[in-house]
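Notes for the one structure printed next.
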Amino acid sequence: MNYHVDEKGYYGDFGGAYIPEMLYPNVEELRSKYLEIMYEEEFQKEFNQLLKDYVGRPSPLYFAKRLSEKHGTQIYLKREDLNHTGAHKINNTIGQILVAQRLGKHRIIAETGAGQHGVATATVCALVGLKCIVYMGEIDIKRQAPNVARMKMLGAEVRPAMSGSKTLKDATNEAIRDWINNPVDTHYIIGSAIGPHPYPDMVTRFQSVISEEIKWQLKEKLGKENPDYVVACVGGGSNAAGTYYHFLDEPEVGIISVEAAGKGINTGKSAATSKLGRDGVIHGCKTLLMQTEDGQITEPYSISAGLDYPGVGPMHAHLARTERAEFISVTDDDAMQAGLELSKLEGIIPAIETSHALAIFDQKKFKKDDVVVICLSGRGDKDLNNYIEYFDL
Ligand SMILES: *Cc1c(COP(=O)(O)O)cnc(C)c1O
């Protein structure tokens, strides 16, 4: 079984590039050049240097002793929360800004929901001095004021998307419209392992630094490169794709994908795509998608903004269909409790997205000697208000 993208941009049944004809030249330019650019020696040197000096990599692999004792297994946390800007997203935006420069682009656009990807994009645009426009739903702009302020401080222009539900999907549509109108000078930085080919593969390769480091870090600590399990939360699927990448073809490594069940899988307020999704097309790729009988996209729900997405990246749809990955759905309540537990047991306040990945231990039992690596995708600072309200702190 092949878990990597094929030459046509597919992971099994999923992937491809389902785009309007007017977008074809932009996507084709990227598709024909991305691998050559990424694996050029100069590029690798600059990318790795920035990951080291600017992002703060390698991120530690931390043995969580008290958490391990509590759950009767060996839990290691991959500390992406310690990256500059507080999550894994910066790995991708650094990579893409370097690609944009080599494609000769002067203008960067991005979509954002909660604002995390917008901030990561505004950050790298400031770093290299490129113009940055971030599309964001009007409702999200109101809900996520601190991130809007961050983007502005970093020099980005935040443009409201006023159509539809005025959230992420509408911001994405606006970004695509902009790209169609500015094909020559603009690069579109997509924030997860989604979108038309080659985006899912490009984003996955940039994030694969996570599993590359896990391998040598485990070798250093335990004398072996492979854990028994790797675990990550899946929104669009970029931190998960990066965490799994170098283990996909290692059958002895179990892959666990954690998605948001929201108020419960069958409550109508959920984002559990592997359980509720059917084959469909969203944002330029064929994947598993939550939709009505007649193919209208269903509004997803999760307490965590980063997991509140009606699809998953095509790699994850393929991992679900082939059962290479085991999907576990975690409710808002269970995630919030797991976030509190990590804070109290290890002194680490996680992002609520990450809290979902930490909440699997009631549903999945591990052996005492199992080595379980969980991607700690982000820190909880941005979610403090949510935690305050939920726990009445
Ligand atoms: C954005 C985000 C996610 C979800 O995005 P993926 O592309 O699925 O990784 C998960 N965790 C954190 C901390 C995030 O900011």
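Identifiers for the structure tokens are assigned positionally: chains receive A, B, ... in sequence, residues are indexed from 1 per chain, and ligands are indexed from 1 in the order shown.
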
Identify, counting only C-alpha atoms and all ligand atoms, the protein, DNA and RNA residues located within 6 Å of ligand 1, and give them as a ChimeraX atom specification.
/A:87,116,192,234-240,306-307,351,353-354,377-378

Tell me, as a list in words, which residues lie within 12 Å of Glu346 of chain A, counting only C-alpha atoms; anything in the same chain fewer than 2 positions away does not count.
Tyr62, Phe63, Ala64, Lys65, Arg66, Leu67, Ser68, Glu69, Lys70, Ile75, Tyr76, Leu77, Ala338, Gly339, Leu340, Glu341, Leu342, Ser343, Lys344, Ile348, Ile349 and Pro350 of chain A

Contact residues around Val158 of chain A with only C-alpha atoms at 10 Å, ignoring same-chain residues under 4 positions, as a PyMOL selection string
chain A and resi 109-112+118+122+132-137+141+148-149+151-152

Considering only C-alpha atoms, tabulate each residue of segment 70-181 of chain A that lies at most 8 Å from segment 28-47 of chain A along with its nearest interatomic pair and the corresponding distance in Å to one decimal; arrange the rows by chain and ascending residue number and present them as a tab-separated table.
residue	atom	partner	partner_atom	distance
A:Ile94	CA	A:Phe47	CA	7.2
A:Gly95	CA	A:Phe47	CA	6.4
A:Leu98	CA	A:Phe43	CA	7.5
A:Val99	CA	A:Ile37	CA	6.7
A:Arg102	CA	A:Ile37	CA	7.4

Next, dump the selected residues to file, keeping only all heavy atoms, as a short mmCIF file (atom, residue, chain, number, x, y, z; two decimals), in the first residue's frame.
data_model
loop_
_atom_site.label_atom_id
_atom_site.label_comp_id
_atom_site.auth_asym_id
_atom_site.auth_seq_id
_atom_site.Cartn_x
_atom_site.Cartn_y
_atom_site.Cartn_z
N ILE A 94 7.18 29.22 6.96
CA ILE A 94 8.59 29.48 6.63
C ILE A 94 8.93 28.83 5.29
O ILE A 94 9.52 29.45 4.40
CB ILE A 94 9.55 28.92 7.71
CG1 ILE A 94 9.36 29.67 9.02
CG2 ILE A 94 11.00 28.93 7.23
CD1 ILE A 94 10.41 30.65 9.38
N GLY A 95 8.56 27.56 5.15
CA GLY A 95 8.85 26.86 3.91
C GLY A 95 8.21 27.55 2.70
O GLY A 95 8.85 27.79 1.68
N LEU A 98 9.72 30.87 1.48
CA LEU A 98 10.96 30.69 0.72
C LEU A 98 10.66 30.21 -0.70
O LEU A 98 11.33 30.60 -1.65
CB LEU A 98 11.89 29.70 1.44
CG LEU A 98 12.39 30.13 2.83
CD1 LEU A 98 13.32 29.07 3.41
CD2 LEU A 98 13.10 31.48 2.78
N VAL A 99 9.63 29.38 -0.84
CA VAL A 99 9.20 28.97 -2.18
C VAL A 99 8.69 30.19 -2.96
O VAL A 99 9.06 30.39 -4.13
CB VAL A 99 8.08 27.89 -2.10
CG1 VAL A 99 7.44 27.66 -3.47
CG2 VAL A 99 8.65 26.57 -1.56
N ARG A 102 11.43 32.26 -4.34
CA ARG A 102 12.11 31.64 -5.49
C ARG A 102 11.23 31.62 -6.74
O ARG A 102 11.73 31.52 -7.85
CB ARG A 102 12.59 30.25 -5.12
CG ARG A 102 13.92 30.33 -4.37
CD ARG A 102 14.15 29.15 -3.49
NE ARG A 102 15.43 29.26 -2.78
CZ ARG A 102 15.59 29.94 -1.65
NH1 ARG A 102 14.59 30.60 -1.10
NH2 ARG A 102 16.78 29.97 -1.05
#

I'd like to know which of A:Leu154, A:Ala317, A:Ile180, A:Leu276 is closest to Leu23 of chain A, using only C-alpha atoms.
A:Ile180

All residues 10 Å or closer to Ala241 of chain A, only C-alpha atoms, same chain fewer than 3 positions away omitted, as a JSON list (two decimals) with C-alpha atoms, in the first residue's frame:
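For reference, part_30.json as written:
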[["chain", "number", "residue", "atom", "x", "y", "z"],
["A", 192, "SER", "CA", -2.97, 23.00, 6.31],
["A", 193, "ALA", "CA", -2.44, 19.78, 4.37],
["A", 200, "PRO", "CA", -1.18, 18.80, 0.67],
["A", 201, "ASP", "CA", 2.14, 17.24, -0.30],
["A", 203, "VAL", "CA", 2.73, 21.30, 3.42],
["A", 204, "THR", "CA", 3.26, 17.70, 4.57],
["A", 205, "ARG", "CA", 6.91, 17.79, 3.49],
["A", 206, "PHE", "CA", 7.52, 21.05, 5.37],
["A", 207, "GLN", "CA", 5.86, 19.63, 8.49],
["A", 208, "SER", "CA", 7.69, 16.30, 8.17],
["A", 210, "ILE", "CA", 8.42, 16.83, 13.16],
["A", 211, "SER", "CA", 8.74, 13.07, 12.55],
["A", 232, "ALA", "CA", -1.97, 13.81, 16.61],
["A", 233, "CYS", "CA", -5.12, 15.89, 16.37],
["A", 234, "VAL", "CA", -6.50, 16.42, 12.87],
["A", 236, "GLY", "CA", -7.02, 19.94, 8.07],
["A", 237, "GLY", "CA", -4.24, 17.60, 9.06],
["A", 238, "SER", "CA", -0.88, 19.37, 8.87],
["A", 244, "TYR", "CA", 3.22, 10.53, 10.77],
["A", 245, "TYR", "CA", 5.32, 11.16, 7.66],
["A", 246, "HIS", "CA", 8.46, 9.17, 8.44],
["A", 248, "LEU", "CA", 3.88, 5.80, 7.29],
["A", 257, "SER", "CA", -5.70, 10.38, 14.45],
["A", 313, "GLY", "CA", -6.67, 16.57, 4.11],
["A", 315, "MET", "CA", -3.78, 11.96, 3.01],
["A", 316, "HIS", "CA", -5.89, 11.50, 6.12]]

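Pairwise distance (atom CA of Tyr301 of chain A, atom CA of Gly262 of chain A) equals 5.9 Å.
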
Could you check the closest approach to Lys8 of chain A for each of A:Ile352, A:Pro198, A:Gly104, A:Glu174 and tell me which residue wins, using only C-alpha atoms?
A:Pro198

When DSSP is applied to the backbone of this structure, which of segment 2-186 of chain A are assigned helix (DSSP H, G or I)? Write them out as a ChimeraX atom specification.
/A:21-38,41-55,65-71,80-82,89-102,116-128,138-143,145-153,168-181

Go ahead and write the residues just picked, C-alpha atoms, as an mmCIF file, in the first residue's frame.
data_model
loop_
_atom_site.group_PDB
_atom_site.id
_atom_site.type_symbol
_atom_site.label_atom_id
_atom_site.label_comp_id
_atom_site.auth_asym_id
_atom_site.auth_seq_id
_atom_site.Cartn_x
_atom_site.Cartn_y
_atom_site.Cartn_z
ATOM 1 C CA GLU A 21 -9.802 26.801 -15.127
ATOM 2 C CA MET A 22 -8.686 30.350 -14.368
ATOM 3 C CA LEU A 23 -6.635 29.083 -11.438
ATOM 4 C CA TYR A 24 -4.894 26.414 -13.466
ATOM 5 C CA PRO A 25 -1.785 28.445 -14.463
ATOM 6 C CA ASN A 26 -1.065 29.417 -10.825
ATOM 7 C CA VAL A 27 -1.411 25.897 -9.476
ATOM 8 C CA GLU A 28 0.458 24.388 -12.416
ATOM 9 C CA GLU A 29 3.389 26.772 -11.927
ATOM 10 C CA LEU A 30 3.676 25.639 -8.319
ATOM 11 C CA ARG A 31 3.171 21.955 -9.157
ATOM 12 C CA SER A 32 5.874 21.911 -11.789
ATOM 13 C CA LYS A 33 8.446 23.649 -9.566
ATOM 14 C CA TYR A 34 7.843 22.873 -5.906
ATOM 15 C CA LEU A 35 9.961 19.737 -5.537
ATOM 16 C CA GLU A 36 12.871 21.113 -7.497
ATOM 17 C CA ILE A 37 12.838 24.290 -5.393
ATOM 18 C CA MET A 38 12.430 22.523 -2.053
ATOM 19 C CA GLU A 41 20.796 22.768 -1.641
ATOM 20 C CA GLU A 42 20.589 26.526 -1.063
ATOM 21 C CA PHE A 43 16.892 26.236 -0.173
ATOM 22 C CA GLN A 44 17.473 23.432 2.305
ATOM 23 C CA LYS A 45 20.258 25.401 3.924
ATOM 24 C CA GLU A 46 18.148 28.527 4.363
ATOM 25 C CA PHE A 47 15.058 26.582 5.500
ATOM 26 C CA ASN A 48 16.991 24.606 8.102
ATOM 27 C CA GLN A 49 18.829 27.677 9.344
ATOM 28 C CA LEU A 50 15.544 29.544 9.888
ATOM 29 C CA LEU A 51 13.968 26.532 11.592
ATOM 30 C CA LYS A 52 16.922 26.515 13.964
ATOM 31 C CA ASP A 53 17.537 30.208 14.650
ATOM 32 C CA TYR A 54 14.082 31.713 14.145
ATOM 33 C CA VAL A 55 11.613 28.958 15.034
ATOM 34 C CA LYS A 65 6.575 11.164 33.606
ATOM 35 C CA ARG A 66 3.505 12.049 35.657
ATOM 36 C CA LEU A 67 1.148 11.764 32.708
ATOM 37 C CA SER A 68 2.689 8.371 31.883
ATOM 38 C CA GLU A 69 2.178 7.122 35.432
ATOM 39 C CA LYS A 70 -1.432 8.258 35.382
ATOM 40 C CA HIS A 71 -2.237 6.406 32.150
ATOM 41 C CA GLU A 80 5.672 22.072 18.855
ATOM 42 C CA ASP A 81 4.100 24.448 21.388
ATOM 43 C CA LEU A 82 7.585 25.818 22.044
ATOM 44 C CA LYS A 89 2.061 26.247 11.711
ATOM 45 C CA ILE A 90 5.258 28.282 11.394
ATOM 46 C CA ASN A 91 7.144 25.262 9.922
ATOM 47 C CA ASN A 92 4.892 25.459 6.871
ATOM 48 C CA THR A 93 4.789 29.241 6.473
ATOM 49 C CA ILE A 94 8.591 29.483 6.626
ATOM 50 C CA GLY A 95 8.847 26.861 3.906
ATOM 51 C CA GLN A 96 6.229 28.469 1.685
ATOM 52 C CA ILE A 97 7.614 31.994 1.985
ATOM 53 C CA LEU A 98 10.962 30.686 0.724
ATOM 54 C CA VAL A 99 9.197 28.966 -2.182
ATOM 55 C CA ALA A 100 7.320 32.207 -2.960
ATOM 56 C CA GLN A 101 10.592 34.148 -3.093
ATOM 57 C CA ARG A 102 12.105 31.643 -5.490
ATOM 58 C CA GLN A 116 -3.438 31.248 13.895
ATOM 59 C CA HIS A 117 -2.432 30.659 10.283
ATOM 60 C CA GLY A 118 -2.909 34.367 9.564
ATOM 61 C CA VAL A 119 -0.458 35.226 12.322
ATOM 62 C CA ALA A 120 2.056 32.597 11.151
ATOM 63 C CA THR A 121 1.831 34.014 7.616
ATOM 64 C CA ALA A 122 2.068 37.662 8.717
ATOM 65 C CA THR A 123 5.109 36.678 10.780
ATOM 66 C CA VAL A 124 7.089 35.236 7.861
ATOM 67 C CA CYS A 125 6.073 38.117 5.584
ATOM 68 C CA ALA A 126 7.537 40.524 8.133
ATOM 69 C CA LEU A 127 10.614 38.310 8.315
ATOM 70 C CA VAL A 128 11.388 38.614 4.613
ATOM 71 C CA GLU A 138 -16.166 39.097 9.318
ATOM 72 C CA ILE A 139 -17.533 37.053 12.218
ATOM 73 C CA ASP A 140 -14.109 35.570 12.937
ATOM 74 C CA ILE A 141 -12.576 39.055 12.936
ATOM 75 C CA LYS A 142 -14.940 39.985 15.755
ATOM 76 C CA ARG A 143 -14.371 36.713 17.654
ATOM 77 C CA ALA A 145 -9.610 40.313 18.082
ATOM 78 C CA PRO A 146 -6.171 39.580 19.625
ATOM 79 C CA ASN A 147 -5.011 37.674 16.522
ATOM 80 C CA VAL A 148 -6.310 40.442 14.258
ATOM 81 C CA ALA A 149 -4.264 42.909 16.294
ATOM 82 C CA ARG A 150 -1.190 40.659 16.016
ATOM 83 C CA MET A 151 -1.492 40.478 12.237
ATOM 84 C CA LYS A 152 -1.830 44.252 11.987
ATOM 85 C CA MET A 153 1.157 44.795 14.245
ATOM 86 C CA LEU A 168 -13.258 30.305 7.206
ATOM 87 C CA LYS A 169 -14.907 28.834 4.109
ATOM 88 C CA ASP A 170 -15.817 32.316 2.892
ATOM 89 C CA ALA A 171 -12.344 33.659 3.643
ATOM 90 C CA THR A 172 -10.936 30.801 1.541
ATOM 91 C CA ASN A 173 -13.232 31.684 -1.354
ATOM 92 C CA GLU A 174 -12.057 35.317 -1.202
ATOM 93 C CA ALA A 175 -8.408 34.251 -1.177
ATOM 94 C CA ILE A 176 -8.952 32.050 -4.246
ATOM 95 C CA ARG A 177 -10.702 34.941 -6.021
ATOM 96 C CA ASP A 178 -7.747 37.224 -5.227
ATOM 97 C CA TRP A 179 -5.289 34.638 -6.566
ATOM 98 C CA ILE A 180 -7.206 34.311 -9.828
ATOM 99 C CA ASN A 181 -7.018 38.090 -10.229
#

Pick from A:His283, A:Tyr199, A:Ile255, A:Met336, whichever lies nearest to Gly9 of chain A using only C-alpha atoms:
A:Tyr199

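Remark: for Asp6 of chain A, the closest of the candidate residues A:Pro58, A:Gly191, A:Asp294, A:His197 is A:His197 (distances computed over only C-alpha atoms).
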
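For the pair atom CA of Ile297 of chain A and atom CA of Ala357 of chain A, the separation is 25.3 Å.
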
So that I can check the secondary structure, give me every residue of segment 102-319 of chain A assigned strand (DSSP E) by backbone DSSP, as a VMD selection string.
chain A and resid 107 to 112 131 to 137 157 to 161 186 to 189 229 to 233 254 to 262 278 to 282 285 to 289

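Interatomic distance, atom CA of Leu222 of chain A against atom CA of Glu323 of chain A: 28.1 Å.
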